Amino acid sequence: MFAHSKEWVEERLGLRPVAERVMEHPVPRYITWLHCFGGLTFFTFIIQVVTGIIMAFFYVPTPDHAHESVVWFQHAIPFGTIVRNVHRLGASAMVVLVFLHMLRVFVHAAYRKPRELNWVVGVGLLLMVLGFGFTGYLLPWDQKAYWATNVGLNIVNTVPFVGPFIANLLRGGPALGALTLLRFYGLHVFLLPILVVVGLMLHFAMIRKQGIARPL
Amino acid sequence: MALFRRKPQQMSLPGMNAPRGRAAKVAAPDRPNALRRLRRSLTTVPMTRRRFLAGTLGWVTAAIGTALGIPALAAWVSPAFRKQTGGWSPIGKLTDPGPDQPDLSPIGTPIEAHFTQFVQDAYLQAQPQQVAVYVINEGDGRFTIYDDHCTHLGCPFSWNADENQFNCPCHNGVFDLQGRVLGGPPPRPLDHYEFKVENGVLYAGKLFKVNDQLQRITQ
């Protein structure tokens with residue numbers, strides 16, 4: 001039934017050369033397994049997106065229902081425990097992998113000319129991954145989440161001059177509460193994903209343009 | 001070890017120069033079944049390193065997609081199969097009702113009553129909800145409990161004792177004592193609650209719909 005659908009689409013759109021350019025892209029002989037960490041980080045990002053979208057259908061970012069909705073998702077929804085724990089462990093895995101990726105680039109000195117800009121974008125992506133971790137940690141709205149965020153925001157508070165303002169900005173006021181949860185939720189599911197996707201596109205476009213750095 | 005040190009090259013297998021792509025496709029009527037085509041493509045099309053890697057990539061991707069997709073899809077779809085919740089709620093005692101309780105003893109006439117239903121809505125804690133009903137004592141230990149909402153658009157209706165019918169004020173829906181539609185726009189007879197009597201107390205259960213023959217049509 002669909003035997004000729006490939007030809008039908010091909011005749012109209014001519015995608016084969018594009019696909020060939022992507023799939024048949026030569027990879028240099030000198031890459032090693034250490035070069036996989038970036039791709040693995042991206043892979044965990046996709047897992048985080050899939051599991052995160054599923055949880056977005058069940059989570060409520062208000063102090064009176066946030067924790068109940070998480071508990072309910074885990075015990076009443078089939079695979080709820082698995083989906084949430086994959087997201088939770090995937091978050092840790094992503095931070096570890098992104099650090100290993102950075103370490104590899106550092107040790108191979110792959111950040112040198114002409115790849116300085118990609119290093120800068122990469123550092124931005126690293127900070128966003130940590131931002132995902134920090135904002136996501138509050139969302140279950142349990143004791144650990146509340147106090148960890150409290151400590152985190154008090155650390156922000158110690159930044160000279162601008163610290164108190166930034167802490168209040170993130171907290172949505174002087175006290176940790178409903179607005180804090182909503183702000184962290186908005187950052188976690190709307191703002192940060194958009195920024196990360198833009199950053200990834202730049203990151204990938206640059207590596208494609210410049211190629212993988214030669215070994216030392 | 002010599003095998004591994006050799007420079008990579010295309011493996012040579014029988015049928016290496018067989019036509020590929022469109023030319024290799026057999027005409028539709030003689031097309032062998034999928035299993036045969038798979039076996040043929042695995043044995044006659046030369047297995048190059050590139051083809052092996054592409055196939056492995058495809059299968060691994062499919063496996064990961066399945067492992068990730070099944071839990072995600074199951075979790076997302078599962079609320080579609082949620083059952084209506086709510087157990088039995090007491091309406092009132094059949095004998096010596098309290099001062100603010102309805103007298104359920106008159107037989108064959110609708111009695112206005114209320115009960116408090118505790119509804120658990122997903123993660124929301126059970127919320128008490130006042131439900132207005134008409135109870136008819138059928139006299140033989142059976143009761144009919146009508147939900148006090150017109151089956152047209154959900155307005156509360158009231159019993160008109162003079163004309164022996166239920167009148168809905170919104171669009172002039174009219175029902176008889178058995179709940180059948182006598183006039184107006186309602187599409188089906190009145191909705192019922194299940195009843196049970198335990199220790200002299202009348203309880204309302206699940207809400208259900210009936211068809212024109214007054215047979216229950218929903219769980």
# chains A, B, ... in the order shown; residues from 1 in each chain; ligands from 1
>>> interface_residues(of="chain A", to="chain B", cutoff="10 Å", atoms="only C-alpha atoms", output="MDAnalysis selection string")
chainID A and resid 3 7 23:24 47 50:60 64:73 76:83 86
>>> write_last_selection(atoms="C-alpha atoms", output="PDB file, in the first residue's frame")
ATOM      1  CA  ALA A   3       5.301   0.768  -1.464  1.00  0.00           C
ATOM      2  CA  GLU A   7       8.984   7.789  -4.592  1.00  0.00           C
ATOM      3  CA  MET A  23      23.662  10.761   6.540  1.00  0.00           C
ATOM      4  CA  GLU A  24      26.746  10.458   4.334  1.00  0.00           C
ATOM      5  CA  ILE A  47      14.498  12.009  26.866  1.00  0.00           C
ATOM      6  CA  VAL A  50       9.598  13.562  26.072  1.00  0.00           C
ATOM      7  CA  THR A  51       9.155  12.715  29.762  1.00  0.00           C
ATOM      8  CA  GLY A  52       8.730  16.403  30.639  1.00  0.00           C
ATOM      9  CA  ILE A  53       5.949  16.872  28.098  1.00  0.00           C
ATOM     10  CA  ILE A  54       4.126  13.851  29.512  1.00  0.00           C
ATOM     11  CA  MET A  55       4.370  15.229  33.053  1.00  0.00           C
ATOM     12  CA  ALA A  56       3.192  18.652  31.865  1.00  0.00           C
ATOM     13  CA  PHE A  57      -0.184  17.018  31.227  1.00  0.00           C
ATOM     14  CA  PHE A  58      -0.510  16.142  34.924  1.00  0.00           C
ATOM     15  CA  TYR A  59       1.405  18.771  36.892  1.00  0.00           C
ATOM     16  CA  VAL A  60      -0.079  21.880  38.509  1.00  0.00           C
ATOM     17  CA  ASP A  64      -1.836  23.874  47.184  1.00  0.00           C
ATOM     18  CA  HIS A  65      -1.828  21.191  44.479  1.00  0.00           C
ATOM     19  CA  ALA A  66       1.733  20.818  43.143  1.00  0.00           C
ATOM     20  CA  HIS A  67       2.840  18.090  45.508  1.00  0.00           C
ATOM     21  CA  GLU A  68      -0.501  16.265  45.395  1.00  0.00           C
ATOM     22  CA  SER A  69      -0.437  16.240  41.605  1.00  0.00           C
ATOM     23  CA  VAL A  70       3.082  14.755  41.585  1.00  0.00           C
ATOM     24  CA  VAL A  71       2.171  12.075  44.117  1.00  0.00           C
ATOM     25  CA  TRP A  72      -1.034  11.347  42.248  1.00  0.00           C
ATOM     26  CA  PHE A  73       0.826  11.100  38.915  1.00  0.00           C
ATOM     27  CA  ALA A  76      -2.493   6.657  39.825  1.00  0.00           C
ATOM     28  CA  ILE A  77      -1.083   6.900  36.306  1.00  0.00           C
ATOM     29  CA  PRO A  78       0.385   3.807  34.624  1.00  0.00           C
ATOM     30  CA  PHE A  79       4.158   4.213  34.150  1.00  0.00           C
ATOM     31  CA  GLY A  80       3.915   7.454  36.145  1.00  0.00           C
ATOM     32  CA  THR A  81       6.687   6.389  38.500  1.00  0.00           C
ATOM     33  CA  ILE A  82       8.874   5.369  35.564  1.00  0.00           C
ATOM     34  CA  VAL A  83       8.276   8.561  33.609  1.00  0.00           C
ATOM     35  CA  VAL A  86      13.493   8.772  34.173  1.00  0.00           C
TER      36      VAL A  86
END
>>> residues_around(residues="range 190-202 of chain B", least_positions_apart="3", cutoff="6 Å", atoms="only C-alpha atoms", output="NGL selection string")
:B and (90-94 or 145-147 or 179 or 205-209)
>>> write_last_selection(atoms="C-alpha atoms", output="compact mmCIF listing (two decimals), in the first residue's frame")
# COMPACT_ATOMS: atom_id res chain seq x y z
CA PRO B 90 -26.89 8.86 52.46
CA ILE B 91 -30.07 10.79 51.62
CA GLY B 92 -32.02 10.21 54.81
CA LYS B 93 -33.63 7.79 57.25
CA LEU B 94 -36.83 6.09 56.14
CA ILE B 145 -34.12 8.85 42.56
CA TYR B 146 -34.12 11.48 39.81
CA ASP B 147 -31.21 13.83 39.35
CA GLY B 179 -39.41 10.46 33.99
CA GLY B 205 -25.18 5.69 44.21
CA LYS B 206 -23.99 6.25 40.68
CA LEU B 207 -25.81 8.47 38.21
CA PHE B 208 -27.08 6.70 35.11
CA LYS B 209 -29.08 7.48 31.97
>>> residues_around(residues="range 181-188 of chain B", least_positions_apart="2", cutoff="7 Å", atoms="only C-alpha atoms", output="list in words")
Thr151, His152, His171, Asn172, Gly173, Val174, Phe175, Asp176, Gly179, Leu190, Asn211 and Asp212 of chain B
>>> atom_distance(atom1="CA of Asn157 in chain A", atom2="CA of Gly199 in chain A")
27.7 Å
>>> residues_around(residues="range 113-116 of chain B", least_positions_apart="3", cutoff="9 Å", atoms="only C-alpha atoms", output="ChimeraX atom specification")
/B:89-92,101-104,128-135,203-204
>>> atom_distance(atom1="CA of Gly163 in chain A", atom2="CA of Asn118 in chain A")
28.9 Å
>>> select_by_dssp(residues="range 5-212 of chain A", states="helix (DSSP H, G or I)", output="PyMOL selection string")
chain A and resi 5-13+16-23+33-56+66-76+80-107+116-138+143-157+163-171+178-210
>>> write_last_selection(atoms="C-alpha atoms", output="short mmCIF file (atom, residue, chain, number, x, y, z; two decimals), in the first residue's frame")
data_model
loop_
_atom_site.label_atom_id
_atom_site.label_comp_id
_atom_site.auth_asym_id
_atom_site.auth_seq_id
_atom_site.Cartn_x
_atom_site.Cartn_y
_atom_site.Cartn_z
CA SER A 5 4.98 6.54 -1.14
CA LYS A 6 8.71 7.18 -0.86
CA GLU A 7 8.98 7.79 -4.59
CA TRP A 8 5.81 9.90 -4.50
CA VAL A 9 7.25 12.25 -1.87
CA GLU A 10 10.67 12.20 -3.51
CA GLU A 11 9.23 13.22 -6.87
CA ARG A 12 7.63 16.28 -5.27
CA LEU A 13 10.15 17.41 -2.68
CA ARG A 16 17.13 12.55 -1.06
CA PRO A 17 20.14 14.84 -1.65
CA VAL A 18 19.43 16.57 1.66
CA ALA A 19 19.17 13.25 3.51
CA GLU A 20 22.35 12.03 1.81
CA ARG A 21 24.22 15.14 2.85
CA VAL A 22 23.19 14.53 6.44
CA MET A 23 23.66 10.76 6.54
CA TRP A 33 34.52 7.15 22.02
CA LEU A 34 35.32 10.22 24.10
CA HIS A 35 33.70 12.29 21.37
CA CYS A 36 30.31 10.75 22.19
CA PHE A 37 29.57 12.79 25.29
CA GLY A 38 28.08 15.73 23.41
CA GLY A 39 25.74 13.47 21.47
CA LEU A 40 24.83 11.59 24.64
CA THR A 41 23.97 14.88 26.32
CA PHE A 42 21.68 15.71 23.41
CA PHE A 43 20.15 12.24 23.67
CA THR A 44 19.36 12.76 27.37
CA PHE A 45 17.92 16.15 26.46
CA ILE A 46 15.47 14.45 24.09
CA ILE A 47 14.50 12.01 26.87
CA GLN A 48 13.95 14.96 29.21
CA VAL A 49 11.74 16.66 26.62
CA VAL A 50 9.60 13.56 26.07
CA THR A 51 9.15 12.72 29.76
CA GLY A 52 8.73 16.40 30.64
CA ILE A 53 5.95 16.87 28.10
CA ILE A 54 4.13 13.85 29.51
CA MET A 55 4.37 15.23 33.05
CA ALA A 56 3.19 18.65 31.87
CA ALA A 66 1.73 20.82 43.14
CA HIS A 67 2.84 18.09 45.51
CA GLU A 68 -0.50 16.26 45.40
CA SER A 69 -0.44 16.24 41.60
CA VAL A 70 3.08 14.76 41.58
CA VAL A 71 2.17 12.07 44.12
CA TRP A 72 -1.03 11.35 42.25
CA PHE A 73 0.83 11.10 38.92
CA GLN A 74 3.17 8.55 40.48
CA HIS A 75 0.59 6.28 42.04
CA ALA A 76 -2.49 6.66 39.83
CA GLY A 80 3.91 7.45 36.14
CA THR A 81 6.69 6.39 38.50
CA ILE A 82 8.87 5.37 35.56
CA VAL A 83 8.28 8.56 33.61
CA ARG A 84 9.02 10.80 36.58
CA ASN A 85 12.08 8.86 37.70
CA VAL A 86 13.49 8.77 34.17
CA HIS A 87 13.12 12.56 34.15
CA ARG A 88 14.72 12.86 37.60
CA LEU A 89 17.66 10.54 36.87
CA GLY A 90 17.97 11.91 33.33
CA ALA A 91 18.49 15.36 34.83
CA SER A 92 21.44 14.10 36.87
CA ALA A 93 22.78 12.14 33.91
CA MET A 94 22.58 15.22 31.71
CA VAL A 95 24.62 17.31 34.14
CA VAL A 96 27.26 14.57 34.42
CA LEU A 97 27.42 14.05 30.65
CA VAL A 98 27.61 17.74 29.85
CA PHE A 99 30.54 18.06 32.28
CA LEU A 100 32.31 15.07 30.70
CA HIS A 101 31.74 16.65 27.28
CA MET A 102 33.24 19.90 28.51
CA LEU A 103 36.15 18.06 30.10
CA ARG A 104 36.86 16.24 26.83
CA VAL A 105 36.83 19.48 24.86
CA PHE A 106 39.09 21.06 27.47
CA VAL A 107 41.59 18.19 27.55
CA GLU A 116 36.20 29.87 20.57
CA LEU A 117 32.63 30.93 19.81
CA ASN A 118 31.38 27.36 20.06
CA TRP A 119 33.04 27.10 23.48
CA VAL A 120 31.23 30.27 24.55
CA VAL A 121 27.87 28.93 23.34
CA GLY A 122 28.68 25.63 25.07
CA VAL A 123 29.30 27.37 28.39
CA GLY A 124 25.95 29.12 27.96
CA LEU A 125 24.31 25.73 27.37
CA LEU A 126 26.03 24.33 30.47
CA LEU A 127 24.60 27.15 32.57
CA MET A 128 21.16 26.50 31.10
CA VAL A 129 21.40 22.81 31.98
CA LEU A 130 22.25 23.80 35.55
CA GLY A 131 19.33 26.26 35.42
CA PHE A 132 17.05 23.39 34.38
CA GLY A 133 18.31 21.40 37.35
CA PHE A 134 17.81 24.26 39.81
CA THR A 135 14.32 25.23 38.61
CA GLY A 136 13.14 21.63 38.21
CA TYR A 137 14.22 20.80 41.74
CA LEU A 138 11.56 23.09 43.23
CA GLN A 143 10.41 19.82 51.97
CA LYS A 144 13.65 19.07 50.12
CA ALA A 145 12.58 21.16 47.14
CA TYR A 146 11.50 24.08 49.30
CA TRP A 147 14.62 24.25 51.46
CA ALA A 148 17.04 23.53 48.63
CA THR A 149 15.58 26.45 46.70
CA ASN A 150 15.66 28.57 49.83
CA VAL A 151 19.38 27.85 50.24
CA GLY A 152 20.03 28.39 46.52
CA LEU A 153 18.31 31.76 46.52
CA ASN A 154 20.16 32.79 49.68
CA ILE A 155 23.41 32.00 47.89
CA VAL A 156 22.27 34.25 45.04
CA ASN A 157 21.55 36.85 47.73
CA GLY A 163 22.52 39.78 44.65
CA PRO A 164 19.42 40.81 46.62
CA PHE A 165 17.72 42.13 43.50
CA ILE A 166 18.39 38.96 41.48
CA ALA A 167 17.25 36.77 44.37
CA ASN A 168 14.01 38.78 44.65
CA LEU A 169 13.57 38.60 40.89
CA LEU A 170 13.87 34.81 40.87
CA ARG A 171 11.78 34.49 44.03
CA ALA A 178 3.30 30.76 45.05
CA LEU A 179 5.03 33.17 42.66
CA THR A 180 8.39 31.45 43.12
CA LEU A 181 6.87 28.13 42.09
CA LEU A 182 5.17 29.70 39.09
CA ARG A 183 8.36 31.53 38.04
CA PHE A 184 10.47 28.41 38.28
CA TYR A 185 7.82 26.50 36.36
CA GLY A 186 7.73 29.13 33.61
CA LEU A 187 11.52 29.10 33.35
CA HIS A 188 11.68 25.31 33.42
CA VAL A 189 9.06 24.53 30.78
CA PHE A 190 8.93 27.63 28.55
CA LEU A 191 11.92 29.96 28.65
CA LEU A 192 14.84 27.58 29.21
CA PRO A 193 13.74 25.01 26.60
CA ILE A 194 13.49 27.73 23.94
CA LEU A 195 16.92 29.12 24.86
CA VAL A 196 18.49 25.65 24.94
CA VAL A 197 17.09 24.73 21.53
CA VAL A 198 18.42 27.98 20.04
CA GLY A 199 21.79 27.34 21.71
CA LEU A 200 21.89 23.76 20.44
CA MET A 201 21.17 24.88 16.89
CA LEU A 202 24.06 27.34 17.05
CA HIS A 203 26.28 24.69 18.69
CA PHE A 204 25.51 22.10 16.01
CA ALA A 205 25.70 24.55 13.11
CA MET A 206 29.16 25.65 14.23
CA ILE A 207 30.51 22.12 14.66
CA ARG A 208 29.13 21.27 11.22
CA LYS A 209 30.74 24.32 9.68
CA GLN A 210 34.11 23.99 11.44
#
>>> closest_residue(among="B:Ser41, B:Thr66, B:Thr48, B:Thr109", to="Asn160 in chain B", atoms="only C-alpha atoms")
B:Thr109
>>> decode(residues="range 54-191 of chain A", atoms="C-alpha atoms", output="PDB file, in the first residue's frame")
ATOM      1  CA  ILE A  54       4.126  13.851  29.512  1.00  0.00           C
ATOM      2  CA  MET A  55       4.370  15.229  33.053  1.00  0.00           C
ATOM      3  CA  ALA A  56       3.192  18.652  31.865  1.00  0.00           C
ATOM      4  CA  PHE A  57      -0.184  17.018  31.227  1.00  0.00           C
ATOM      5  CA  PHE A  58      -0.510  16.142  34.924  1.00  0.00           C
ATOM      6  CA  TYR A  59       1.405  18.771  36.892  1.00  0.00           C
ATOM      7  CA  VAL A  60      -0.079  21.880  38.509  1.00  0.00           C
ATOM      8  CA  PRO A  61       2.294  24.710  39.502  1.00  0.00           C
ATOM      9  CA  THR A  62       0.368  25.980  42.519  1.00  0.00           C
ATOM     10  CA  PRO A  63       1.458  25.481  46.150  1.00  0.00           C
ATOM     11  CA  ASP A  64      -1.836  23.874  47.184  1.00  0.00           C
ATOM     12  CA  HIS A  65      -1.828  21.191  44.479  1.00  0.00           C
ATOM     13  CA  ALA A  66       1.733  20.818  43.143  1.00  0.00           C
ATOM     14  CA  HIS A  67       2.840  18.090  45.508  1.00  0.00           C
ATOM     15  CA  GLU A  68      -0.501  16.265  45.395  1.00  0.00           C
ATOM     16  CA  SER A  69      -0.437  16.240  41.605  1.00  0.00           C
ATOM     17  CA  VAL A  70       3.082  14.755  41.585  1.00  0.00           C
ATOM     18  CA  VAL A  71       2.171  12.075  44.117  1.00  0.00           C
ATOM     19  CA  TRP A  72      -1.034  11.347  42.248  1.00  0.00           C
ATOM     20  CA  PHE A  73       0.826  11.100  38.915  1.00  0.00           C
ATOM     21  CA  GLN A  74       3.174   8.547  40.476  1.00  0.00           C
ATOM     22  CA  HIS A  75       0.585   6.281  42.038  1.00  0.00           C
ATOM     23  CA  ALA A  76      -2.493   6.657  39.825  1.00  0.00           C
ATOM     24  CA  ILE A  77      -1.083   6.900  36.306  1.00  0.00           C
ATOM     25  CA  PRO A  78       0.385   3.807  34.624  1.00  0.00           C
ATOM     26  CA  PHE A  79       4.158   4.213  34.150  1.00  0.00           C
ATOM     27  CA  GLY A  80       3.915   7.454  36.145  1.00  0.00           C
ATOM     28  CA  THR A  81       6.687   6.389  38.500  1.00  0.00           C
ATOM     29  CA  ILE A  82       8.874   5.369  35.564  1.00  0.00           C
ATOM     30  CA  VAL A  83       8.276   8.561  33.609  1.00  0.00           C
ATOM     31  CA  ARG A  84       9.023  10.802  36.581  1.00  0.00           C
ATOM     32  CA  ASN A  85      12.078   8.857  37.700  1.00  0.00           C
ATOM     33  CA  VAL A  86      13.493   8.772  34.173  1.00  0.00           C
ATOM     34  CA  HIS A  87      13.122  12.564  34.149  1.00  0.00           C
ATOM     35  CA  ARG A  88      14.717  12.860  37.598  1.00  0.00           C
ATOM     36  CA  LEU A  89      17.665  10.537  36.865  1.00  0.00           C
ATOM     37  CA  GLY A  90      17.973  11.910  33.333  1.00  0.00           C
ATOM     38  CA  ALA A  91      18.494  15.359  34.827  1.00  0.00           C
ATOM     39  CA  SER A  92      21.436  14.102  36.875  1.00  0.00           C
ATOM     40  CA  ALA A  93      22.781  12.139  33.909  1.00  0.00           C
ATOM     41  CA  MET A  94      22.585  15.217  31.708  1.00  0.00           C
ATOM     42  CA  VAL A  95      24.622  17.314  34.138  1.00  0.00           C
ATOM     43  CA  VAL A  96      27.262  14.566  34.416  1.00  0.00           C
ATOM     44  CA  LEU A  97      27.419  14.053  30.647  1.00  0.00           C
ATOM     45  CA  VAL A  98      27.606  17.740  29.848  1.00  0.00           C
ATOM     46  CA  PHE A  99      30.537  18.061  32.278  1.00  0.00           C
ATOM     47  CA  LEU A 100      32.310  15.070  30.698  1.00  0.00           C
ATOM     48  CA  HIS A 101      31.740  16.650  27.280  1.00  0.00           C
ATOM     49  CA  MET A 102      33.237  19.904  28.507  1.00  0.00           C
ATOM     50  CA  LEU A 103      36.145  18.064  30.104  1.00  0.00           C
ATOM     51  CA  ARG A 104      36.862  16.239  26.835  1.00  0.00           C
ATOM     52  CA  VAL A 105      36.826  19.476  24.861  1.00  0.00           C
ATOM     53  CA  PHE A 106      39.087  21.060  27.467  1.00  0.00           C
ATOM     54  CA  VAL A 107      41.592  18.186  27.550  1.00  0.00           C
ATOM     55  CA  HIS A 108      41.693  17.981  23.752  1.00  0.00           C
ATOM     56  CA  ALA A 109      42.076  21.778  23.668  1.00  0.00           C
ATOM     57  CA  ALA A 110      39.319  21.814  21.064  1.00  0.00           C
ATOM     58  CA  TYR A 111      38.213  25.257  22.211  1.00  0.00           C
ATOM     59  CA  ARG A 112      41.132  27.001  20.466  1.00  0.00           C
ATOM     60  CA  LYS A 113      40.894  29.088  17.327  1.00  0.00           C
ATOM     61  CA  PRO A 114      38.669  28.881  15.289  1.00  0.00           C
ATOM     62  CA  ARG A 115      36.256  27.259  17.785  1.00  0.00           C
ATOM     63  CA  GLU A 116      36.197  29.874  20.570  1.00  0.00           C
ATOM     64  CA  LEU A 117      32.629  30.933  19.807  1.00  0.00           C
ATOM     65  CA  ASN A 118      31.381  27.364  20.057  1.00  0.00           C
ATOM     66  CA  TRP A 119      33.036  27.102  23.477  1.00  0.00           C
ATOM     67  CA  VAL A 120      31.225  30.266  24.552  1.00  0.00           C
ATOM     68  CA  VAL A 121      27.866  28.926  23.341  1.00  0.00           C
ATOM     69  CA  GLY A 122      28.684  25.630  25.070  1.00  0.00           C
ATOM     70  CA  VAL A 123      29.304  27.372  28.389  1.00  0.00           C
ATOM     71  CA  GLY A 124      25.951  29.120  27.964  1.00  0.00           C
ATOM     72  CA  LEU A 125      24.313  25.733  27.372  1.00  0.00           C
ATOM     73  CA  LEU A 126      26.031  24.331  30.469  1.00  0.00           C
ATOM     74  CA  LEU A 127      24.599  27.153  32.570  1.00  0.00           C
ATOM     75  CA  MET A 128      21.155  26.504  31.098  1.00  0.00           C
ATOM     76  CA  VAL A 129      21.401  22.813  31.982  1.00  0.00           C
ATOM     77  CA  LEU A 130      22.246  23.802  35.551  1.00  0.00           C
ATOM     78  CA  GLY A 131      19.326  26.257  35.423  1.00  0.00           C
ATOM     79  CA  PHE A 132      17.053  23.395  34.384  1.00  0.00           C
ATOM     80  CA  GLY A 133      18.312  21.405  37.350  1.00  0.00           C
ATOM     81  CA  PHE A 134      17.811  24.264  39.806  1.00  0.00           C
ATOM     82  CA  THR A 135      14.317  25.234  38.606  1.00  0.00           C
ATOM     83  CA  GLY A 136      13.139  21.634  38.205  1.00  0.00           C
ATOM     84  CA  TYR A 137      14.220  20.796  41.736  1.00  0.00           C
ATOM     85  CA  LEU A 138      11.556  23.091  43.226  1.00  0.00           C
ATOM     86  CA  LEU A 139       8.626  21.776  41.203  1.00  0.00           C
ATOM     87  CA  PRO A 140       7.732  18.684  43.326  1.00  0.00           C
ATOM     88  CA  TRP A 141       7.151  21.211  46.162  1.00  0.00           C
ATOM     89  CA  ASP A 142       8.215  18.935  48.995  1.00  0.00           C
ATOM     90  CA  GLN A 143      10.415  19.818  51.971  1.00  0.00           C
ATOM     91  CA  LYS A 144      13.648  19.069  50.121  1.00  0.00           C
ATOM     92  CA  ALA A 145      12.582  21.164  47.141  1.00  0.00           C
ATOM     93  CA  TYR A 146      11.498  24.084  49.300  1.00  0.00           C
ATOM     94  CA  TRP A 147      14.620  24.248  51.464  1.00  0.00           C
ATOM     95  CA  ALA A 148      17.044  23.531  48.634  1.00  0.00           C
ATOM     96  CA  THR A 149      15.585  26.448  46.702  1.00  0.00           C
ATOM     97  CA  ASN A 150      15.656  28.565  49.826  1.00  0.00           C
ATOM     98  CA  VAL A 151      19.379  27.846  50.238  1.00  0.00           C
ATOM     99  CA  GLY A 152      20.030  28.391  46.516  1.00  0.00           C
ATOM    100  CA  LEU A 153      18.309  31.762  46.522  1.00  0.00           C
ATOM    101  CA  ASN A 154      20.156  32.793  49.684  1.00  0.00           C
ATOM    102  CA  ILE A 155      23.412  31.996  47.888  1.00  0.00           C
ATOM    103  CA  VAL A 156      22.271  34.254  45.039  1.00  0.00           C
ATOM    104  CA  ASN A 157      21.550  36.845  47.728  1.00  0.00           C
ATOM    105  CA  THR A 158      25.249  36.994  48.660  1.00  0.00           C
ATOM    106  CA  VAL A 159      26.320  38.273  45.225  1.00  0.00           C
ATOM    107  CA  PRO A 160      27.752  41.794  45.778  1.00  0.00           C
ATOM    108  CA  PHE A 161      25.473  44.737  44.897  1.00  0.00           C
ATOM    109  CA  VAL A 162      22.987  42.973  42.577  1.00  0.00           C
ATOM    110  CA  GLY A 163      22.518  39.782  44.645  1.00  0.00           C
ATOM    111  CA  PRO A 164      19.424  40.809  46.625  1.00  0.00           C
ATOM    112  CA  PHE A 165      17.723  42.125  43.504  1.00  0.00           C
ATOM    113  CA  ILE A 166      18.394  38.960  41.478  1.00  0.00           C
ATOM    114  CA  ALA A 167      17.246  36.774  44.375  1.00  0.00           C
ATOM    115  CA  ASN A 168      14.006  38.777  44.645  1.00  0.00           C
ATOM    116  CA  LEU A 169      13.575  38.595  40.885  1.00  0.00           C
ATOM    117  CA  LEU A 170      13.867  34.805  40.874  1.00  0.00           C
ATOM    118  CA  ARG A 171      11.783  34.488  44.028  1.00  0.00           C
ATOM    119  CA  GLY A 172       9.091  36.868  42.788  1.00  0.00           C
ATOM    120  CA  GLY A 173       9.282  38.921  45.989  1.00  0.00           C
ATOM    121  CA  PRO A 174      10.787  38.744  49.447  1.00  0.00           C
ATOM    122  CA  ALA A 175       9.327  35.350  50.451  1.00  0.00           C
ATOM    123  CA  LEU A 176       9.460  31.960  48.766  1.00  0.00           C
ATOM    124  CA  GLY A 177       5.913  31.059  47.769  1.00  0.00           C
ATOM    125  CA  ALA A 178       3.301  30.757  45.046  1.00  0.00           C
ATOM    126  CA  LEU A 179       5.031  33.173  42.660  1.00  0.00           C
ATOM    127  CA  THR A 180       8.386  31.447  43.122  1.00  0.00           C
ATOM    128  CA  LEU A 181       6.872  28.135  42.092  1.00  0.00           C
ATOM    129  CA  LEU A 182       5.171  29.705  39.085  1.00  0.00           C
ATOM    130  CA  ARG A 183       8.360  31.535  38.043  1.00  0.00           C
ATOM    131  CA  PHE A 184      10.473  28.407  38.282  1.00  0.00           C
ATOM    132  CA  TYR A 185       7.821  26.496  36.363  1.00  0.00           C
ATOM    133  CA  GLY A 186       7.732  29.130  33.607  1.00  0.00           C
ATOM    134  CA  LEU A 187      11.523  29.103  33.350  1.00  0.00           C
ATOM    135  CA  HIS A 188      11.683  25.310  33.417  1.00  0.00           C
ATOM    136  CA  VAL A 189       9.061  24.535  30.779  1.00  0.00           C
ATOM    137  CA  PHE A 190       8.932  27.630  28.552  1.00  0.00           C
ATOM    138  CA  LEU A 191      11.920  29.955  28.655  1.00  0.00           C
TER     139      LEU A 191
END
